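Have a look at coords17.cif; it's mmCIF, C-alpha atoms:
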```cif
data_final
loop_
_atom_site.label_atom_id
_atom_site.label_comp_id
_atom_site.auth_asym_id
_atom_site.auth_seq_id
_atom_site.Cartn_x
_atom_site.Cartn_y
_atom_site.Cartn_z
CA MET A 1 32.01 -30.75 120.79
CA THR A 2 30.62 -27.42 119.65
CA THR A 3 32.14 -24.26 120.99
CA PHE A 4 30.00 -21.12 121.26
CA SER A 5 31.42 -17.59 121.25
CA THR A 6 29.76 -16.15 124.29
CA TYR A 7 28.72 -12.48 124.20
CA THR A 8 30.06 -11.98 120.67
CA PRO A 9 27.00 -10.05 119.43
CA PHE A 10 27.17 -7.73 122.41
CA SER A 11 30.90 -7.22 121.87
CA ASN A 12 30.42 -6.29 118.20
CA GLY A 13 27.60 -3.93 119.17
CA ASN A 14 29.86 -2.11 121.61
CA ASN A 15 32.55 -1.72 118.96
CA VAL A 16 30.07 -0.27 116.45
CA THR A 17 28.66 2.09 119.06
CA LYS A 18 32.11 3.25 120.05
CA GLU A 19 33.07 3.75 116.40
CA ARG A 20 29.92 5.76 115.73
CA THR A 21 30.52 7.84 118.84
CA TRP A 22 34.10 8.45 117.79
CA VAL A 23 33.03 9.52 114.28
CA THR A 24 30.37 11.85 115.72
CA MET A 25 32.86 13.43 118.12
CA LYS A 26 35.33 13.84 115.28
CA LYS A 27 32.72 15.65 113.18
CA VAL A 28 31.79 17.92 116.08
CA SER A 29 35.46 18.70 116.77
CA LEU A 30 36.05 19.43 113.09
CA ALA A 31 33.04 21.74 113.03
CA ILE A 32 34.30 23.57 116.12
CA ILE A 33 37.76 23.95 114.57
CA ILE A 34 36.29 25.32 111.32
CA PHE A 35 34.13 27.76 113.30
CA LEU A 36 37.09 28.95 115.36
CA LEU A 37 39.20 29.39 112.22
CA PHE A 38 36.39 31.40 110.63
CA LEU A 39 35.98 33.51 113.75
CA THR A 40 39.72 34.11 114.01
CA GLY A 41 39.89 35.07 110.34
CA THR A 42 37.06 37.55 110.78
CA VAL A 43 38.69 39.17 113.81
CA VAL A 44 42.05 39.35 112.05
CA ALA A 45 40.44 40.87 108.95
CA GLN A 46 38.70 43.47 111.07
CA ALA A 47 41.94 44.22 112.91
CA ILE A 48 43.81 44.61 109.63
CA GLY A 49 41.17 47.00 108.34
CA SER A 50 41.25 48.94 111.59
CA ASP A 51 45.05 49.14 111.58
CA LYS A 52 44.97 50.33 107.98
CA LYS A 53 42.70 53.20 108.92
CA GLU A 54 44.45 54.05 112.14
CA ALA A 55 47.87 53.95 110.49
CA GLU A 56 47.16 56.72 107.98
CA ILE A 57 48.81 59.43 110.06
CA GLY A 58 51.67 57.09 110.93
CA THR A 59 52.13 56.23 107.26
CA ILE A 60 52.22 59.91 106.36
CA VAL A 61 54.82 60.71 109.04
CA GLU A 62 57.01 57.75 108.09
CA GLY A 63 56.71 58.56 104.38
CA MET A 64 57.69 62.19 104.89
CA GLU A 65 60.68 61.24 107.02
CA ALA A 66 61.73 58.71 104.37
CA GLN A 67 61.90 61.67 101.95
CA GLY A 68 64.16 63.61 104.31
CA ILE A 69 61.42 65.87 105.69
CA ASP A 70 61.64 67.02 109.29
CA VAL A 71 58.15 66.60 110.78
CA LYS A 72 57.16 69.62 112.87
CA LYS A 73 53.41 69.46 113.51
CA TRP A 74 50.51 67.05 113.04
CA SER A 75 46.74 67.31 113.35
CA MET A 76 43.73 65.02 113.30
CA TYR A 77 40.32 66.41 112.41
CA SER A 78 36.71 65.30 112.51
CA LYS A 79 33.72 67.26 111.34
CA LYS A 80 29.92 67.16 111.32
CA MET A 81 27.36 69.31 109.56
CA ILE A 82 24.38 70.36 111.69
CA SER A 83 21.00 71.04 110.13
CA ALA A 84 18.92 73.97 111.35
CA GLU A 85 16.08 71.62 112.21
CA GLU A 86 18.12 69.69 114.76
CA GLN A 87 19.02 72.53 117.07
CA SER A 88 19.50 76.29 116.90
CA PHE A 89 23.08 77.50 116.62
CA GLU A 90 22.84 79.38 119.92
CA GLU A 91 21.50 76.31 121.75
CA LEU A 92 24.16 74.05 120.27
CA THR A 93 26.96 76.45 121.20
CA LYS A 94 25.69 76.79 124.76
CA LEU A 95 25.41 73.02 125.13
CA LEU A 96 28.97 72.37 123.94
CA GLN A 97 30.42 75.18 126.04
CA THR A 98 28.75 73.64 129.09
CA GLN A 99 29.90 70.12 128.23
CA PHE A 100 33.46 71.26 127.56
CA ARG A 101 33.74 73.99 130.16
CA HIS A 102 37.43 73.19 130.70
CA TYR A 103 38.12 74.65 127.23
CA LYS A 104 38.95 78.34 126.87
CA TRP A 105 36.15 79.78 124.74
CA SER A 106 35.87 82.86 122.54
CA ASN A 107 32.79 83.97 120.58
CA GLU A 108 32.47 85.97 117.39
CA ARG A 109 29.33 87.94 116.53
CA ALA A 110 28.12 89.71 113.40
CA ASP A 111 25.06 91.98 113.33
CA GLY A 112 24.46 91.11 116.95
CA LYS A 113 24.23 87.37 116.23
CA LEU A 114 26.65 84.65 117.28
CA HIS A 115 28.15 82.99 114.19
CA LYS A 116 31.33 81.37 115.49
CA ALA A 117 32.62 79.94 118.78
CA SER A 118 36.07 78.47 119.35
CA GLY A 119 37.30 76.54 122.37
CA ILE A 120 40.91 75.50 123.04
CA PHE A 121 42.28 73.12 125.63
CA PHE A 122 45.96 72.30 126.17
CA ASN A 123 46.32 68.90 127.81
CA GLU A 124 49.38 69.18 130.06
CA LYS A 125 49.51 65.42 130.66
CA THR A 126 49.83 64.57 126.97
CA GLY A 127 51.25 67.81 125.60
CA PHE A 128 48.54 67.87 122.93
CA THR A 129 46.13 70.66 122.06
CA GLU A 130 42.42 70.08 121.48
CA LYS A 131 40.21 72.55 119.67
CA LEU A 132 36.46 72.77 119.15
CA GLN A 133 34.96 75.12 116.59
CA ILE A 134 31.26 75.72 115.97
CA GLN A 135 30.48 77.92 113.00
CA SER A 136 27.36 79.08 111.19
CA THR A 137 27.54 80.38 107.61
CA ASP A 138 24.99 82.02 105.37
CA THR A 139 25.71 81.66 101.66
CA ASN A 140 23.09 83.02 99.27
CA GLY A 141 20.41 82.62 101.89
CA GLN A 142 21.44 79.02 102.69
CA LYS A 143 22.36 78.59 106.35
CA GLN A 144 24.78 75.86 107.36
CA SER A 145 26.35 75.03 110.68
CA TYR A 146 29.15 72.61 111.47
CA ILE A 147 31.30 71.43 114.35
CA LEU A 148 35.01 70.83 113.86
CA TYR A 149 37.19 68.93 116.37
CA GLU A 150 40.97 69.03 116.13
CA LEU A 151 43.68 67.17 118.05
CA SER A 152 47.18 68.48 117.35
CA GLY A 153 50.74 68.18 118.55
CA GLU A 154 54.37 68.54 117.56
CA GLY A 155 57.10 66.18 116.39
CA SER A 156 57.03 62.51 115.46
CA GLY A 157 57.73 59.19 117.18
CA LYS A 158 54.24 58.98 118.70
CA ASN A 159 51.96 56.00 119.21
CA TRP A 160 49.76 56.87 116.24
CA THR A 161 47.25 54.09 116.80
CA GLN A 162 46.70 55.25 120.37
CA LEU A 163 46.33 58.87 119.23
CA TYR A 164 43.81 57.87 116.57
CA GLU A 165 41.74 56.01 119.17
CA TYR A 166 41.88 59.05 121.45
CA ALA A 167 40.69 61.36 118.64
CA GLN A 168 37.97 58.91 117.69
CA ALA A 169 36.70 58.57 121.28
CA HIS A 170 36.56 62.34 121.79
CA SER A 171 34.88 62.82 118.42
CA PHE A 172 32.22 60.34 119.50
CA ASP A 173 31.66 62.32 122.72
CA ILE A 174 31.03 65.43 120.62
CA PHE A 175 29.10 64.05 117.64
CA HIS A 176 27.53 60.94 119.22
CA GLU A 177 28.69 58.94 116.21
CA ASN A 178 31.99 57.78 114.74
CA PRO A 179 32.98 60.35 112.11
CA THR A 180 35.83 60.03 109.63
CA ILE A 181 39.17 61.11 111.09
CA PHE A 182 41.20 63.26 108.68
CA THR A 183 44.90 63.93 109.14
CA CYS A 184 47.41 66.64 108.30
CA VAL A 185 51.20 66.65 108.85
CA ASN A 186 53.50 69.65 108.43
CA GLY A 187 57.25 69.47 107.99
CA GLN A 188 60.29 71.24 106.59
CA LEU A 189 62.98 70.55 104.04
CA ASP A 190 66.38 72.18 103.93
CA ASP A 191 66.66 75.09 101.53
CA LYS A 192 65.34 74.04 98.12
CA MET A 193 65.27 76.00 94.90
CA SER A 194 61.79 76.40 93.43
CA SER A 195 63.00 74.56 90.33
CA VAL A 196 63.33 71.29 92.30
CA LEU A 197 60.01 71.50 94.16
CA GLN A 198 58.40 69.33 91.47
CA LEU A 199 61.04 66.66 92.07
CA GLU A 200 60.17 66.64 95.77
CA VAL A 201 56.47 66.35 94.95
CA ASN A 202 57.18 63.45 92.59
CA GLY A 203 59.15 61.72 95.34
CA LEU A 204 56.24 62.08 97.78
CA LEU A 205 53.70 60.84 95.22
CA LYS A 206 55.83 57.77 94.64
CA GLN A 207 56.29 57.30 98.39
CA PHE A 208 52.51 57.15 98.92
CA ASN A 209 51.72 55.21 95.73
CA ALA A 210 49.63 58.19 94.59
CA VAL A 211 48.54 59.36 91.16
CA PRO A 212 47.92 63.12 90.63
CA VAL A 213 44.32 64.21 90.03
CA GLU A 214 44.64 68.01 90.19
CA GLN A 215 47.70 70.24 90.43
CA LEU A 216 48.37 73.92 91.08
CA LYS A 217 51.87 75.15 90.29
CA GLU A 218 53.33 78.59 90.94
CA GLU A 219 56.89 79.91 91.09
CA SER A 220 57.53 78.86 94.70
CA PHE A 221 54.43 76.81 95.47
CA ILE A 222 53.03 73.46 94.31
CA SER A 223 49.82 71.82 95.49
CA VAL A 224 48.70 68.39 94.31
CA SER A 225 45.47 66.52 94.95
CA ALA A 226 46.05 62.83 94.32
CA ARG A 227 44.63 59.37 94.77
CA THR A 228 46.36 56.49 96.50
CA SER A 229 45.07 52.92 96.56
CA ASP A 230 46.53 52.53 100.06
CA TRP A 231 43.47 54.25 101.63
CA ASP A 232 39.78 53.65 101.10
CA GLN A 233 38.34 57.10 101.87
CA LEU A 234 37.74 59.13 98.70
CA ILE A 235 36.47 62.64 98.02
CA PRO A 236 35.05 63.46 94.56
CA THR A 237 36.41 66.40 92.57
CA ASP A 238 35.79 67.77 89.07
CA GLU A 239 38.82 65.87 87.78
CA GLY A 240 38.27 62.61 89.73
CA SER A 241 38.30 61.19 93.24
CA MET A 242 41.17 62.02 95.62
CA ASN A 243 42.26 61.03 99.11
CA ILE A 244 45.62 62.72 99.66
CA GLN A 245 46.90 66.27 99.30
CA ILE A 246 50.52 67.37 99.06
CA ALA A 247 51.74 70.97 99.13
CA LEU A 248 55.24 72.47 99.06
CA ARG A 249 56.08 76.14 99.50
CA GLY A 250 59.64 77.35 98.97
CA ALA A 251 61.07 80.23 100.97
CA GLY A 252 63.91 80.96 98.56
CA LEU A 253 67.63 80.86 99.27
CA GLY A 254 68.46 80.73 102.96
CA GLY A 255 64.99 79.54 103.94
CA ASN A 256 63.35 76.17 104.46
CA THR A 257 60.68 74.65 102.26
CA SER A 258 57.44 73.90 104.11
CA VAL A 259 55.73 70.61 103.29
CA THR A 260 52.14 69.64 104.05
CA VAL A 261 50.66 66.19 103.50
CA GLY A 262 47.18 65.21 104.54
CA THR A 263 43.94 63.39 103.92
CA PRO A 264 41.61 66.13 102.66
CA ILE A 265 38.80 67.67 104.66
CA ILE A 266 38.66 71.36 103.69
CA THR A 267 41.82 72.86 102.25
CA SER A 268 41.43 76.16 104.05
CA GLU A 269 41.50 74.37 107.38
CA TYR A 270 45.01 73.04 106.74
#
```

Take the structure I supplied and represent it as structure tokens, if you would.
Amino acid sequence: MTTFSTYTPFSNGNNVTKERTWVTMKKVSLAIIIFLLFLTGTVVAQAIGSDKKEAEIGTIVEGMEAQGIDVKKWSMYSKKMISAEEQSFEELTKLLQTQFRHYKWSNERADGKLHKASGIFFNEKTGFTEKLQIQSTDTNGQKQSYILYELSGEGSGKNWTQLYEYAQAHSFDIFHENPTIFTCVNGQLDDKMSSVLQLEVNGLLKQFNAVPVEQLKEESFISVSARTSDWDQLIPTDEGSMNIQIALRGAGLGGNTSVTVGTPIITSEY
């Protein structure tokens, strides 16, 4: 008697179909996992880059305190050059004074023409001071205008990332673009003899992994322009690119040594 295996072909077909479906689903799942890992990596990389930029002022404060410096004041700056073709200086000043009418404004004129306007606003909620400066210069017949925004405060222990975001948002309101945020921190050391100022500078250079590019040394004052690999932003100089400035000024016996560390914008504005 011959025995037939009923439905065997159909059974094998179902198994093959199920196996193919399972393999297809596995490939799709694997592709989704790879995509999610790629997406997560991209977001993390962006966050790391953002934190690196935002942490500059925090890194400066922490580095100064690690060297025994008492942080007194800090500032964050942003700046934009304005071409004469875009808008007249008078029109630009009027527009900003209208937009930021809660600032206390003062104007400076020369030969009957407005060449500088400064507005200051003290934010009582945060305890920070905001400053807007619009200035027009004429050097050898070349006219230039720029806007400078400054956010400043006192002491340390702040949420530096939050402050950076605040400065960036307000800079965008002013410039309608995201400019570079520069930083400057001022502090004090206990009485130091001028002979040991260089040692303090060397300690700060080591703290920020910085190599000197240019240096000015006087009896009670040292200023160093240097380059650190910790930050990406660079400014070219005659001696090479720099991205950090350190200055110490001694007050002699019985006085404190003032220390300034910052990412350069214009030295005179420190």

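Considering all atoms listed in the file, the residue among A:Thr93, A:Ile181, A:Leu114, A:Lys158 positioned nearest to Tyr77 (chain A) is A:Ile181.
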
Practice problem: To verify the selection step, state as a ChimeraX atom specification which residues the PyMOL selection byres ((chain A and resi 72-76) around 10) yields on this input. | Solution: /A:57,60-61,69-71,77-78,128-130,149-156,163-164,167-168,181-188,258-263,270

Output of the above residues as an mmCIF file, keeping the file's coordinate frame, restricted to C-alpha atoms:
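Written file, again.cif:
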```cif
data_model
loop_
_atom_site.group_PDB
_atom_site.id
_atom_site.type_symbol
_atom_site.label_atom_id
_atom_site.label_comp_id
_atom_site.auth_asym_id
_atom_site.auth_seq_id
_atom_site.Cartn_x
_atom_site.Cartn_y
_atom_site.Cartn_z
ATOM 1 C CA ILE A 57 48.810 59.430 110.060
ATOM 2 C CA ILE A 60 52.220 59.910 106.360
ATOM 3 C CA VAL A 61 54.820 60.710 109.040
ATOM 4 C CA ILE A 69 61.420 65.870 105.690
ATOM 5 C CA ASP A 70 61.640 67.020 109.290
ATOM 6 C CA VAL A 71 58.150 66.600 110.780
ATOM 7 C CA TYR A 77 40.320 66.410 112.410
ATOM 8 C CA SER A 78 36.710 65.300 112.510
ATOM 9 C CA PHE A 128 48.540 67.870 122.930
ATOM 10 C CA THR A 129 46.130 70.660 122.060
ATOM 11 C CA GLU A 130 42.420 70.080 121.480
ATOM 12 C CA TYR A 149 37.190 68.930 116.370
ATOM 13 C CA GLU A 150 40.970 69.030 116.130
ATOM 14 C CA LEU A 151 43.680 67.170 118.050
ATOM 15 C CA SER A 152 47.180 68.480 117.350
ATOM 16 C CA GLY A 153 50.740 68.180 118.550
ATOM 17 C CA GLU A 154 54.370 68.540 117.560
ATOM 18 C CA GLY A 155 57.100 66.180 116.390
ATOM 19 C CA SER A 156 57.030 62.510 115.460
ATOM 20 C CA LEU A 163 46.330 58.870 119.230
ATOM 21 C CA TYR A 164 43.810 57.870 116.570
ATOM 22 C CA ALA A 167 40.690 61.360 118.640
ATOM 23 C CA GLN A 168 37.970 58.910 117.690
ATOM 24 C CA ILE A 181 39.170 61.110 111.090
ATOM 25 C CA PHE A 182 41.200 63.260 108.680
ATOM 26 C CA THR A 183 44.900 63.930 109.140
ATOM 27 C CA CYS A 184 47.410 66.640 108.300
ATOM 28 C CA VAL A 185 51.200 66.650 108.850
ATOM 29 C CA ASN A 186 53.500 69.650 108.430
ATOM 30 C CA GLY A 187 57.250 69.470 107.990
ATOM 31 C CA GLN A 188 60.290 71.240 106.590
ATOM 32 C CA SER A 258 57.440 73.900 104.110
ATOM 33 C CA VAL A 259 55.730 70.610 103.290
ATOM 34 C CA THR A 260 52.140 69.640 104.050
ATOM 35 C CA VAL A 261 50.660 66.190 103.500
ATOM 36 C CA GLY A 262 47.180 65.210 104.540
ATOM 37 C CA THR A 263 43.940 63.390 103.920
ATOM 38 C CA TYR A 270 45.010 73.040 106.740
#
```

Quiz item: Which residues fall under the PyMOL selection byres ((chain A and resi 216) around 12) in this file, as JSON, numbers by chain?
Solution: {"A": [198, 201, 212, 213, 214, 215, 217, 218, 219, 220, 221, 222, 223, 224, 225, 226, 245, 246, 247, 248, 249]}

Exercise. Find the distance between CA of Ile174 (chain A) and CA of Pro236 (chain A) and write it in Å to one decimal.
Key: 26.4 Å

Quiz prompt | Hits of the PyMOL selection byres ((chain A and resi 136) around 9) in this structure, as a VMD selection string | solution = chain A and resid 89 114 to 116 134 to 135 137 to 138 143 to 146

Quiz item: Within 9 Å of (26.8, 84.0, 123.0), in the coordinates the file gives, what residues turn up when you count all atoms listed in the file, written out as a PyMOL selection string?
Solution: chain A and resi 90+93-94+107-109+113-115+117

Using the file's own x, y and z axes, so that the box edges lie along x, y and z, what centre and edge lengths in Å (one decimal) does a box around every listed atom of region 102-115 of chain A get when 6 Å is added on each side? Give it as lines of an AutoDock Vina configuration file.
```
center_x = 31.6
center_y = 82.6
center_z = 122.0
size_x = 26.7
size_y = 30.8
size_z = 29.4
```

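From CA of Asn209 (chain A) back to CA of Arg227 (chain A), the distance works out to 8.3 Å.
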
Quiz item: From the set A:Thr257, A:Thr126, A:Phe208, A:Leu132, which residue has the shortest atom-to-atom contact distance to Gln162 (chain A), counting all atoms listed in the file?
Solution: A:Thr126

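You will find CA of Leu148 (chain A) at 6.8 Å from CA of Lys80 (chain A).
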
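Candidate residues A:Ser241, A:Ala251, A:Trp105, A:Thr228 were compared for distance to Glu56 (chain A), and the nearest is A:Thr228, using only C-alpha atoms.
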